[in-house]
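Trainee: Pasting query-v2.cif below, which is mmCIF, C-alpha atoms, pLDDT in the B column; chains and numbers go by the auth columns.
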data_my_file
loop_
_atom_site.group_PDB
_atom_site.id
_atom_site.type_symbol
_atom_site.label_atom_id
_atom_site.label_comp_id
_atom_site.label_asym_id
_atom_site.label_seq_id
_atom_site.Cartn_x
_atom_site.Cartn_y
_atom_site.Cartn_z
_atom_site.B_iso_or_equiv
_atom_site.auth_seq_id
_atom_site.auth_asym_id
ATOM 1 C CA MET A 1 -1.008 12.106 -13.952 91.00 156 A
ATOM 2 C CA ARG A 2 -3.537 9.494 -14.985 96.00 157 A
ATOM 3 C CA LYS A 3 -5.056 8.087 -18.117 97.00 158 A
ATOM 4 C CA GLU A 4 -8.496 6.625 -18.624 98.00 159 A
ATOM 5 C CA ILE A 5 -8.752 2.975 -19.650 98.00 160 A
ATOM 6 C CA ASN A 6 -11.525 2.003 -22.070 98.00 161 A
ATOM 7 C CA ILE A 7 -13.384 -0.652 -20.095 97.00 162 A
ATOM 8 C CA ASP A 8 -15.173 -1.966 -23.202 97.00 163 A
ATOM 9 C CA THR A 9 -11.859 -3.025 -24.779 97.00 164 A
ATOM 10 C CA TRP A 10 -10.083 -3.925 -21.546 97.00 165 A
ATOM 11 C CA ASN A 11 -9.214 -7.606 -21.159 96.00 166 A
ATOM 12 C CA ARG A 12 -10.726 -7.554 -17.651 96.00 167 A
ATOM 13 C CA LYS A 13 -14.078 -6.089 -18.684 97.00 168 A
ATOM 14 C CA ASP A 14 -16.064 -9.089 -17.427 98.00 169 A
ATOM 15 C CA HIS A 15 -14.166 -9.166 -14.139 97.00 170 A
ATOM 16 C CA PHE A 16 -14.658 -5.416 -13.700 97.00 171 A
ATOM 17 C CA GLU A 17 -18.400 -5.572 -14.306 97.00 172 A
ATOM 18 C CA PHE A 18 -18.835 -8.661 -12.144 98.00 173 A
ATOM 19 C CA PHE A 19 -16.896 -7.635 -9.031 97.00 174 A
ATOM 20 C CA SER A 20 -17.925 -3.966 -9.190 94.00 175 A
ATOM 21 C CA GLN A 21 -21.432 -5.051 -8.209 94.00 176 A
ATOM 22 C CA PHE A 22 -20.295 -6.693 -4.949 95.00 177 A
ATOM 23 C CA ASP A 23 -21.117 -5.123 -1.586 92.00 178 A
ATOM 24 C CA GLU A 24 -17.588 -6.123 -0.538 94.00 179 A
ATOM 25 C CA PRO A 25 -15.362 -6.341 -3.634 96.00 180 A
ATOM 26 C CA PHE A 26 -12.098 -6.449 -1.648 97.00 181 A
ATOM 27 C CA HIS A 27 -10.190 -9.666 -1.057 97.00 182 A
ATOM 28 C CA GLY A 28 -7.098 -10.108 1.087 97.00 183 A
ATOM 29 C CA ILE A 29 -3.972 -12.211 1.470 97.00 184 A
ATOM 30 C CA ALA A 30 -1.650 -12.387 4.481 98.00 185 A
ATOM 31 C CA THR A 31 1.855 -13.843 4.362 98.00 186 A
ATOM 32 C CA LYS A 32 5.312 -13.442 5.880 98.00 187 A
ATOM 33 C CA LEU A 33 8.271 -11.765 4.229 98.00 188 A
ATOM 34 C CA ASP A 34 11.950 -12.056 5.071 98.00 189 A
ATOM 35 C CA CYS A 35 13.030 -8.598 6.225 98.00 190 A
ATOM 36 C CA THR A 36 16.525 -9.457 7.525 98.00 191 A
ATOM 37 C CA GLU A 37 18.598 -7.386 5.110 98.00 192 A
ATOM 38 C CA THR A 38 16.300 -4.362 5.200 98.00 193 A
ATOM 39 C CA TYR A 39 16.256 -4.306 9.012 98.00 194 A
ATOM 40 C CA LYS A 40 20.047 -4.657 9.305 98.00 195 A
ATOM 41 C CA ALA A 41 20.647 -1.974 6.677 98.00 196 A
ATOM 42 C CA ALA A 42 18.227 0.419 8.375 98.00 197 A
ATOM 43 C CA LYS A 43 19.950 -0.001 11.748 97.00 198 A
ATOM 44 C CA ALA A 44 23.436 0.239 10.253 98.00 199 A
ATOM 45 C CA ASN A 45 22.581 3.488 8.453 97.00 200 A
ATOM 46 C CA GLY A 46 20.492 5.035 11.229 97.00 201 A
ATOM 47 C CA HIS A 47 17.305 4.958 9.184 96.00 202 A
ATOM 48 C CA SER A 48 13.778 4.173 10.292 97.00 203 A
ATOM 49 C CA PHE A 49 12.961 0.511 9.668 98.00 204 A
ATOM 50 C CA PHE A 50 9.337 1.532 9.139 98.00 205 A
ATOM 51 C CA LEU A 51 10.218 4.046 6.422 98.00 206 A
ATOM 52 C CA SER A 52 12.644 1.568 4.868 98.00 207 A
ATOM 53 C CA TYR A 53 10.021 -1.121 4.320 98.00 208 A
ATOM 54 C CA LEU A 54 7.302 1.429 3.543 98.00 209 A
ATOM 55 C CA HIS A 55 9.460 2.780 0.721 98.00 210 A
ATOM 56 C CA LYS A 56 10.199 -0.685 -0.651 98.00 211 A
ATOM 57 C CA SER A 57 6.507 -1.550 -0.577 98.00 212 A
ATOM 58 C CA LEU A 58 5.787 1.608 -2.571 98.00 213 A
ATOM 59 C CA VAL A 59 8.473 0.753 -5.110 98.00 214 A
ATOM 60 C CA ALA A 60 6.822 -2.655 -5.567 98.00 215 A
ATOM 61 C CA VAL A 61 3.377 -1.035 -5.832 98.00 216 A
ATOM 62 C CA ASN A 62 4.540 1.367 -8.534 98.00 217 A
ATOM 63 C CA ARG A 63 6.161 -1.490 -10.454 98.00 218 A
ATOM 64 C CA THR A 64 2.946 -3.547 -10.409 98.00 219 A
ATOM 65 C CA LEU A 65 0.537 -2.179 -13.016 98.00 220 A
ATOM 66 C CA GLU A 66 -2.635 -3.558 -11.443 98.00 221 A
ATOM 67 C CA PHE A 67 -1.888 -1.719 -8.183 98.00 222 A
ATOM 68 C CA ARG A 68 -1.989 1.565 -10.100 98.00 223 A
ATOM 69 C CA TYR A 69 -5.569 1.104 -11.342 98.00 224 A
ATOM 70 C CA ARG A 70 -8.364 3.055 -9.658 98.00 225 A
ATOM 71 C CA ILE A 71 -12.109 3.397 -10.142 97.00 226 A
ATOM 72 C CA VAL A 72 -13.262 7.023 -10.058 96.00 227 A
ATOM 73 C CA ASP A 73 -16.918 7.895 -10.682 94.00 228 A
ATOM 74 C CA GLY A 74 -17.437 4.530 -12.354 94.00 229 A
ATOM 75 C CA LYS A 75 -14.545 5.051 -14.764 96.00 230 A
ATOM 76 C CA LEU A 76 -11.253 3.169 -14.818 98.00 231 A
ATOM 77 C CA TYR A 77 -7.944 5.034 -14.591 98.00 232 A
ATOM 78 C CA GLU A 78 -4.295 4.069 -14.591 98.00 233 A
ATOM 79 C CA TYR A 79 -2.205 6.387 -12.422 98.00 234 A
ATOM 80 C CA GLU A 80 1.410 7.111 -13.258 98.00 235 A
ATOM 81 C CA THR A 81 2.492 7.354 -9.620 98.00 236 A
ATOM 82 C CA ILE A 82 1.070 5.922 -6.400 98.00 237 A
ATOM 83 C CA ASN A 83 1.789 7.580 -3.054 97.00 238 A
ATOM 84 C CA ALA A 84 1.255 6.286 0.489 96.00 239 A
ATOM 85 C CA SER A 85 -1.300 7.156 3.145 94.00 240 A
ATOM 86 C CA PRO A 86 0.119 5.435 6.241 95.00 241 A
ATOM 87 C CA THR A 87 -1.203 5.620 9.778 93.00 242 A
ATOM 88 C CA ILE A 88 1.208 7.415 12.123 92.00 243 A
ATOM 89 C CA ASN A 89 1.280 6.771 15.874 90.00 244 A
ATOM 90 C CA LYS A 90 1.194 9.734 18.242 87.00 245 A
ATOM 91 C CA LYS A 91 2.597 10.120 21.759 81.00 246 A
ATOM 92 C CA ASN A 92 -0.902 10.129 23.268 85.00 247 A
ATOM 93 C CA GLY A 93 -1.603 6.637 21.921 83.00 248 A
ATOM 94 C CA ALA A 94 -3.855 7.798 19.088 89.00 249 A
ATOM 95 C CA PHE A 95 -2.920 7.877 15.416 92.00 250 A
ATOM 96 C CA GLY A 96 -3.372 10.091 12.393 90.00 251 A
ATOM 97 C CA PHE A 97 -3.521 9.501 8.673 91.00 252 A
ATOM 98 C CA SER A 98 -0.661 10.947 6.648 91.00 253 A
ATOM 99 C CA HIS A 99 0.152 11.607 3.014 92.00 254 A
ATOM 100 C CA VAL A 100 3.647 10.583 1.941 95.00 255 A
ATOM 101 C CA LYS A 101 4.676 11.220 -1.646 95.00 256 A
ATOM 102 C CA TYR A 102 6.505 8.520 -3.572 97.00 257 A
ATOM 103 C CA ARG A 103 10.034 8.887 -4.859 98.00 258 A
ATOM 104 C CA GLU A 104 11.963 5.914 -6.238 97.00 259 A
ATOM 105 C CA ASP A 105 15.224 7.057 -4.665 98.00 260 A
ATOM 106 C CA PHE A 106 15.159 6.356 -0.917 98.00 261 A
ATOM 107 C CA LYS A 107 16.959 9.569 0.072 97.00 262 A
ATOM 108 C CA ASP A 108 14.499 11.653 -1.934 98.00 263 A
ATOM 109 C CA PHE A 109 11.647 9.711 -0.330 98.00 264 A
ATOM 110 C CA LEU A 110 13.005 10.354 3.185 97.00 265 A
ATOM 111 C CA ALA A 111 13.297 14.078 2.476 97.00 266 A
ATOM 112 C CA LEU A 112 9.542 14.170 1.857 96.00 267 A
ATOM 113 C CA ALA A 113 8.408 11.508 4.325 96.00 268 A
ATOM 114 C CA LEU A 114 10.086 12.754 7.500 96.00 269 A
ATOM 115 C CA PRO A 115 8.475 16.232 7.588 94.00 270 A
ATOM 116 C CA ALA A 116 5.115 14.805 6.463 92.00 271 A
ATOM 117 C CA ILE A 117 5.127 12.354 9.375 92.00 272 A
ATOM 118 C CA GLU A 118 6.287 14.985 11.860 92.00 273 A
ATOM 119 C CA LYS A 119 3.418 17.223 10.775 90.00 274 A
ATOM 120 C CA VAL A 120 0.924 14.478 11.610 89.00 275 A
ATOM 121 C CA ARG A 121 2.540 13.730 14.973 89.00 276 A
ATOM 122 C CA ASN A 122 2.273 17.405 15.940 86.00 277 A
ATOM 123 C CA SER A 123 -1.359 17.645 14.847 85.00 278 A
ATOM 124 C CA ASP A 124 -4.469 16.799 16.835 81.00 279 A
ATOM 125 C CA ARG A 125 -6.354 15.870 13.668 81.00 280 A
ATOM 126 C CA LEU A 126 -7.124 12.398 12.344 84.00 281 A
ATOM 127 C CA MET A 127 -7.065 13.308 8.666 75.00 282 A
ATOM 128 C CA PRO A 128 -3.931 14.479 6.828 68.00 283 A
ATOM 129 C CA PRO A 129 -3.437 18.234 6.302 61.00 284 A
ATOM 130 C CA GLU A 130 -3.614 17.682 2.526 65.00 285 A
ATOM 131 C CA GLU A 131 -6.007 15.626 0.436 65.00 286 A
ATOM 132 C CA SER A 132 -4.550 12.224 -0.394 71.00 287 A
ATOM 133 C CA GLY A 133 -6.603 11.622 -3.542 83.00 288 A
ATOM 134 C CA GLU A 134 -7.141 8.258 -5.198 92.00 289 A
ATOM 135 C CA ASN A 135 -3.533 7.554 -6.199 96.00 290 A
ATOM 136 C CA VAL A 136 -2.531 6.156 -2.816 96.00 291 A
ATOM 137 C CA VAL A 137 -2.232 2.879 -0.978 97.00 292 A
ATOM 138 C CA HIS A 138 -3.591 2.863 2.562 96.00 293 A
ATOM 139 C CA CYS A 139 -0.879 1.519 4.864 97.00 294 A
ATOM 140 C CA SER A 140 -0.962 0.514 8.518 96.00 295 A
ATOM 141 C CA ALA A 141 1.752 -0.777 10.838 96.00 296 A
ATOM 142 C CA ILE A 142 0.820 -3.026 13.774 96.00 297 A
ATOM 143 C CA PRO A 143 4.317 -3.765 15.146 96.00 298 A
ATOM 144 C CA TRP A 144 2.908 -5.331 18.322 96.00 299 A
ATOM 145 C CA VAL A 145 1.147 -8.278 16.641 98.00 300 A
ATOM 146 C CA ASP A 146 2.509 -11.196 14.618 98.00 301 A
ATOM 147 C CA PHE A 147 -0.810 -11.582 12.815 98.00 302 A
ATOM 148 C CA THR A 148 -1.844 -14.330 10.403 96.00 303 A
ATOM 149 C CA SER A 149 -4.910 -12.521 9.047 95.00 304 A
ATOM 150 C CA ILE A 150 -6.522 -9.107 9.321 95.00 305 A
ATOM 151 C CA SER A 151 -9.682 -7.258 8.314 94.00 306 A
ATOM 152 C CA HIS A 152 -10.353 -3.562 7.757 92.00 307 A
ATOM 153 C CA ALA A 153 -13.084 -1.133 8.714 90.00 308 A
ATOM 154 C CA ARG A 154 -14.938 -0.264 5.500 84.00 309 A
ATOM 155 C CA HIS A 155 -17.541 2.351 4.624 83.00 310 A
ATOM 156 C CA TYR A 156 -19.433 0.519 1.900 79.00 311 A
ATOM 157 C CA ALA A 157 -21.386 3.597 0.806 78.00 312 A
ATOM 158 C CA ARG A 158 -18.142 5.362 -0.129 82.00 313 A
ATOM 159 C CA PRO A 159 -16.512 4.173 -3.374 86.00 314 A
ATOM 160 C CA ASP A 160 -13.016 2.891 -2.695 93.00 315 A
ATOM 161 C CA SER A 161 -10.552 0.989 -4.871 96.00 316 A
ATOM 162 C CA CYS A 162 -7.253 1.805 -3.126 97.00 317 A
ATOM 163 C CA PRO A 163 -5.162 -1.193 -2.002 98.00 318 A
ATOM 164 C CA LYS A 164 -4.597 -1.594 1.739 98.00 319 A
ATOM 165 C CA ILE A 165 -1.282 -2.939 3.032 98.00 320 A
ATOM 166 C CA THR A 166 -0.648 -3.785 6.682 98.00 321 A
ATOM 167 C CA PHE A 167 2.700 -4.610 8.281 98.00 322 A
ATOM 168 C CA GLY A 168 2.998 -6.555 11.544 98.00 323 A
ATOM 169 C CA LYS A 169 5.454 -7.534 14.270 98.00 324 A
ATOM 170 C CA MET A 170 8.919 -8.674 13.239 98.00 325 A
ATOM 171 C CA THR A 171 9.965 -12.045 14.666 98.00 326 A
ATOM 172 C CA ALA A 172 13.099 -14.188 14.440 98.00 327 A
ATOM 173 C CA ASP A 173 13.427 -17.685 13.015 98.00 328 A
ATOM 174 C CA GLY A 174 17.010 -18.770 13.550 97.00 329 A
ATOM 175 C CA ASP A 175 19.203 -16.010 12.168 97.00 330 A
ATOM 176 C CA ARG A 176 16.482 -14.657 9.857 98.00 331 A
ATOM 177 C CA LEU A 177 13.867 -11.985 10.578 98.00 332 A
ATOM 178 C CA PHE A 178 10.308 -12.151 9.264 98.00 333 A
ATOM 179 C CA MET A 179 7.374 -9.749 9.180 98.00 334 A
ATOM 180 C CA PRO A 180 3.707 -10.469 8.435 98.00 335 A
ATOM 181 C CA VAL A 181 2.255 -8.462 5.554 98.00 336 A
ATOM 182 C CA SER A 182 -1.412 -8.248 4.615 98.00 337 A
ATOM 183 C CA VAL A 183 -2.645 -7.011 1.237 98.00 338 A
ATOM 184 C CA HIS A 184 -6.299 -6.165 0.488 98.00 339 A
ATOM 185 C CA VAL A 185 -7.282 -5.200 -3.072 98.00 340 A
ATOM 186 C CA HIS A 186 -10.384 -4.538 -5.174 98.00 341 A
ATOM 187 C CA HIS A 187 -11.171 -7.713 -7.124 98.00 342 A
ATOM 188 C CA ALA A 188 -12.456 -5.774 -10.146 98.00 343 A
ATOM 189 C CA LEU A 189 -8.887 -4.553 -10.631 98.00 344 A
ATOM 190 C CA VAL A 190 -6.555 -7.056 -8.980 98.00 345 A
ATOM 191 C CA ASP A 191 -6.535 -10.867 -8.748 98.00 346 A
ATOM 192 C CA GLY A 192 -4.558 -13.149 -6.459 98.00 347 A
ATOM 193 C CA TYR A 193 -2.002 -13.597 -9.256 98.00 348 A
ATOM 194 C CA HIS A 194 -1.287 -9.856 -9.281 98.00 349 A
ATOM 195 C CA VAL A 195 -0.991 -9.780 -5.480 98.00 350 A
ATOM 196 C CA ALA A 196 1.568 -12.585 -5.786 98.00 351 A
ATOM 197 C CA GLN A 197 3.512 -10.527 -8.345 98.00 352 A
ATOM 198 C CA PHE A 198 3.514 -7.550 -5.983 98.00 353 A
ATOM 199 C CA LEU A 199 4.644 -9.691 -3.043 98.00 354 A
ATOM 200 C CA GLU A 200 7.453 -11.204 -5.093 98.00 355 A
ATOM 201 C CA LYS A 201 8.725 -7.739 -6.040 98.00 356 A
ATOM 202 C CA PHE A 202 8.398 -6.547 -2.441 98.00 357 A
ATOM 203 C CA GLN A 203 10.229 -9.590 -1.083 98.00 358 A
ATOM 204 C CA ASN A 204 13.105 -9.198 -3.554 98.00 359 A
ATOM 205 C CA LEU A 205 13.489 -5.562 -2.547 98.00 360 A
ATOM 206 C CA MET A 206 13.454 -6.503 1.146 98.00 361 A
ATOM 207 C CA LEU A 207 16.382 -8.866 0.542 98.00 362 A
ATOM 208 C CA GLU A 208 18.545 -6.143 -0.981 94.00 363 A
#
As structure tokens, please, write out the structure in this file.

Mentor:
Amino acid sequence: MRKEINIDTWNRKDHFEFFSQFDEPFHGIATKLDCTETYKAAKANGHSFFLSYLHKSLVAVNRTLEFRYRIVDGKLYEYETINASPTINKKNGAFGFSHVKYREDFKDFLALALPAIEKVRNSDRLMPPEESGENVVHCSAIPWVDFTSISHARHYARPDSCPKITFGKMTADGDRLFMPVSVHVHHALVDGYHVAQFLEKFQNLMLE
């Protein structure tokens, strides 16, 4: 479900028109989040740490209005629900794109995510077996690198306004665990202030 936003009466009309003309309208922020409680809970309950933080990132995305805006055929839409399109590693060292539907309840999310991921791992295709659509965030996990910044491959000729979230290698600082997180967003839709709001929500969820 989505609804069209009237750009002419939108309070970000000038920002939308200005940044939509850029060859590269995306901007990015990288930071570290405390993931101690989420990691311990995942291990204690036998859950995937990756799916645990992926779910919490999606909860934060869906609770941040600006992350639910998309540009489609030059028009602005607000989507009711945002799903995930994470990269999934395969045994042969390659990866595939997946489509994981969002559910606010973690158990409901797992029931959909686990078979979707298994389908990608058993496929020799790069693209997901079903069309992801525009109401997704593109997610990548690079658990081998404690990065401080990151860039993304971009096809400028293809319109794209989906946020891109990357998760890195978990490291310890004393008795606390931290993970780098990178967020890239379309500046016509999302400012640094909104990224900060998302990161605050995500961090609070990671501490639960």

Trainee: For the interface of segment 271-302 of chain A with segment 338-355 of chain A (cut-off 12 Å, counting only C-alpha atoms), please tabulate each contacting residue of segment 271-302 of chain A alongside its nearest pair of atoms and their separation in Å to one decimal, rows sorted by chain and increasing number, as CSV.

Mentor:
residue,atom,partner,partner_atom,distance
A:Val292,CA,A:Val340,CA,9.8
A:His293,CA,A:His339,CA,9.7
A:Cys294,CA,A:Val338,CA,9.4
A:Ser295,CA,A:Val338,CA,10.6

Trainee: Evaluate the PyMOL selection byres ((chain A and resi 332) around 10) and record the selected residues as number ranges by chain, following the chain and residue labels used in the document.

Mentor: A: 187-195, 325-331, 333-334

Trainee: Give me, as JSON lines, each residue of segment 195-220 of chain A that comes within 8 Å of segment 227-250 of chain A, together with its shortest interatomic pair and the distance in Å at one decimal, counting only C-alpha atoms, with rows ordered by chain and rising residue number.

Mentor:
{"residue": "A:Leu213", "atom": "CA", "partner": "A:Ala239", "partner_atom": "CA", "distance": 7.2}
{"residue": "A:Val216", "atom": "CA", "partner": "A:Ile237", "partner_atom": "CA", "distance": 7.4}
{"residue": "A:Asn217", "atom": "CA", "partner": "A:Ile237", "partner_atom": "CA", "distance": 6.1}

Trainee: Tell me, in Å to one decimal, how far atom CA of Leu269 of chain A is from atom CA of Val255 of chain A.

Mentor: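 Separating atom CA of Leu269 of chain A from atom CA of Val255 of chain A is a distance of 8.8 Å.
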
Trainee: How many Å separate atom CA of Phe222 of chain A from atom CA of Arg157 of chain A?

Mentor: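 Result for atom CA of Phe222 of chain A versus atom CA of Arg157 of chain A: 13.2 Å, one decimal.
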
Trainee: Kindly indicate which residue among A:Thr164, A:Thr303, A:Asn277, A:Ser207 lies nearest to Asp260 of chain A, using all atoms listed in the file for the distances.

Mentor: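 Among the listed residues, the smallest separation from Asp260 of chain A belongs to A:Ser207.
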
Trainee: Name the residues in contact with Leu267 of chain A at a cut-off of 12 Å, using all atoms listed in the file, excluding same-chain residues fewer than 2 positions from it; report them as a list of chain:residue names.

Mentor: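 In the requested format, the answer is A:Leu206, A:His210, A:Asn238, A:Ala239, A:Ser253, A:His254, A:Val255, A:Lys256, A:Tyr257, A:Arg258, A:Glu259, A:Asp260, A:Phe261, A:Lys262, A:Asp263, A:Phe264, A:Leu265, A:Leu269, A:Pro270, A:Ala271, A:Ile272, A:Glu273, A:Lys274.
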
Trainee: Could you please give me, as a ChimeraX atom specification, the residues of protein, DNA or RNA lying at most 9 Å from (-8.7, 10.0, 13.1) in the coordinate frame of the file, considering all atoms listed in the file?

Mentor: /A:249-252,279-282

Trainee: Would you kindly return, as number ranges by chain, each protein, DNA or RNA residue with an atom no farther than 10 Å from any atom of Asp315 of chain A, considering all atoms listed in the file and excluding same-chain residues fewer than 3 positions away?

Mentor: A: 180-181, 225-227, 289, 309-312, 318, 340-341

Trainee: I need the chosen residues saved as a PDB file, keeping the file's coordinate frame, with C-alpha atoms.

Mentor:
ATOM      1  CA  PRO A 180     -15.362  -6.341  -3.634  1.00 96.00           C
ATOM      2  CA  PHE A 181     -12.098  -6.449  -1.648  1.00 97.00           C
ATOM      3  CA  ARG A 225      -8.364   3.055  -9.658  1.00 98.00           C
ATOM      4  CA  ILE A 226     -12.109   3.397 -10.142  1.00 97.00           C
ATOM      5  CA  VAL A 227     -13.262   7.023 -10.058  1.00 96.00           C
ATOM      6  CA  GLU A 289      -7.141   8.258  -5.198  1.00 92.00           C
ATOM      7  CA  ARG A 309     -14.938  -0.264   5.500  1.00 84.00           C
ATOM      8  CA  HIS A 310     -17.541   2.351   4.624  1.00 83.00           C
ATOM      9  CA  TYR A 311     -19.433   0.519   1.900  1.00 79.00           C
ATOM     10  CA  ALA A 312     -21.386   3.597   0.806  1.00 78.00           C
ATOM     11  CA  PRO A 318      -5.162  -1.193  -2.002  1.00 98.00           C
ATOM     12  CA  VAL A 340      -7.282  -5.200  -3.072  1.00 98.00           C
ATOM     13  CA  HIS A 341     -10.384  -4.538  -5.174  1.00 98.00           C
TER      14      HIS A 341
END

Trainee: Of the residues A:Val336, A:Ala196, A:Met361, A:Ala268, which is the one nearest to Val300 of chain A, using all atoms listed in the file?

Mentor: A:Val336

Trainee: Any idea what the distance is between atom CA of Ser304 of chain A and atom CA of Leu209 of chain A?

Mentor: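 According to the coordinates, atom CA of Ser304 of chain A and atom CA of Leu209 of chain A are separated by 19.3 Å.
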
Trainee: Taking all atoms of segment 217-234 of chain A that the file lists and extending 4 Å past them on each side, where is the centre of the axis-aligned box and how long are its edges? Answer in Å to one decimal, as JSON.

Mentor:
{"center_x": -5.6, "center_y": 2.2, "center_z": -11.5, "size_x": 31.6, "size_y": 19.5, "size_z": 14.6}

Trainee: Rank A:Thr219, A:Ala197, A:Ala296, A:Lys168 by their smallest atom-to-atom distance to Phe357 of chain A, using all atoms listed in the file, and report the top residue only.

Mentor: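 The answer is A:Thr219, which sits nearest to Phe357 of chain A.
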
Trainee: Just checking: using all atoms listed in the file, which residue out of A:Phe205, A:Asn166, A:Ala185, A:Lys158 ends up closest to Tyr224 of chain A?

Mentor: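 Ranked by minimum distance to Tyr224 of chain A, first place goes to A:Lys158.
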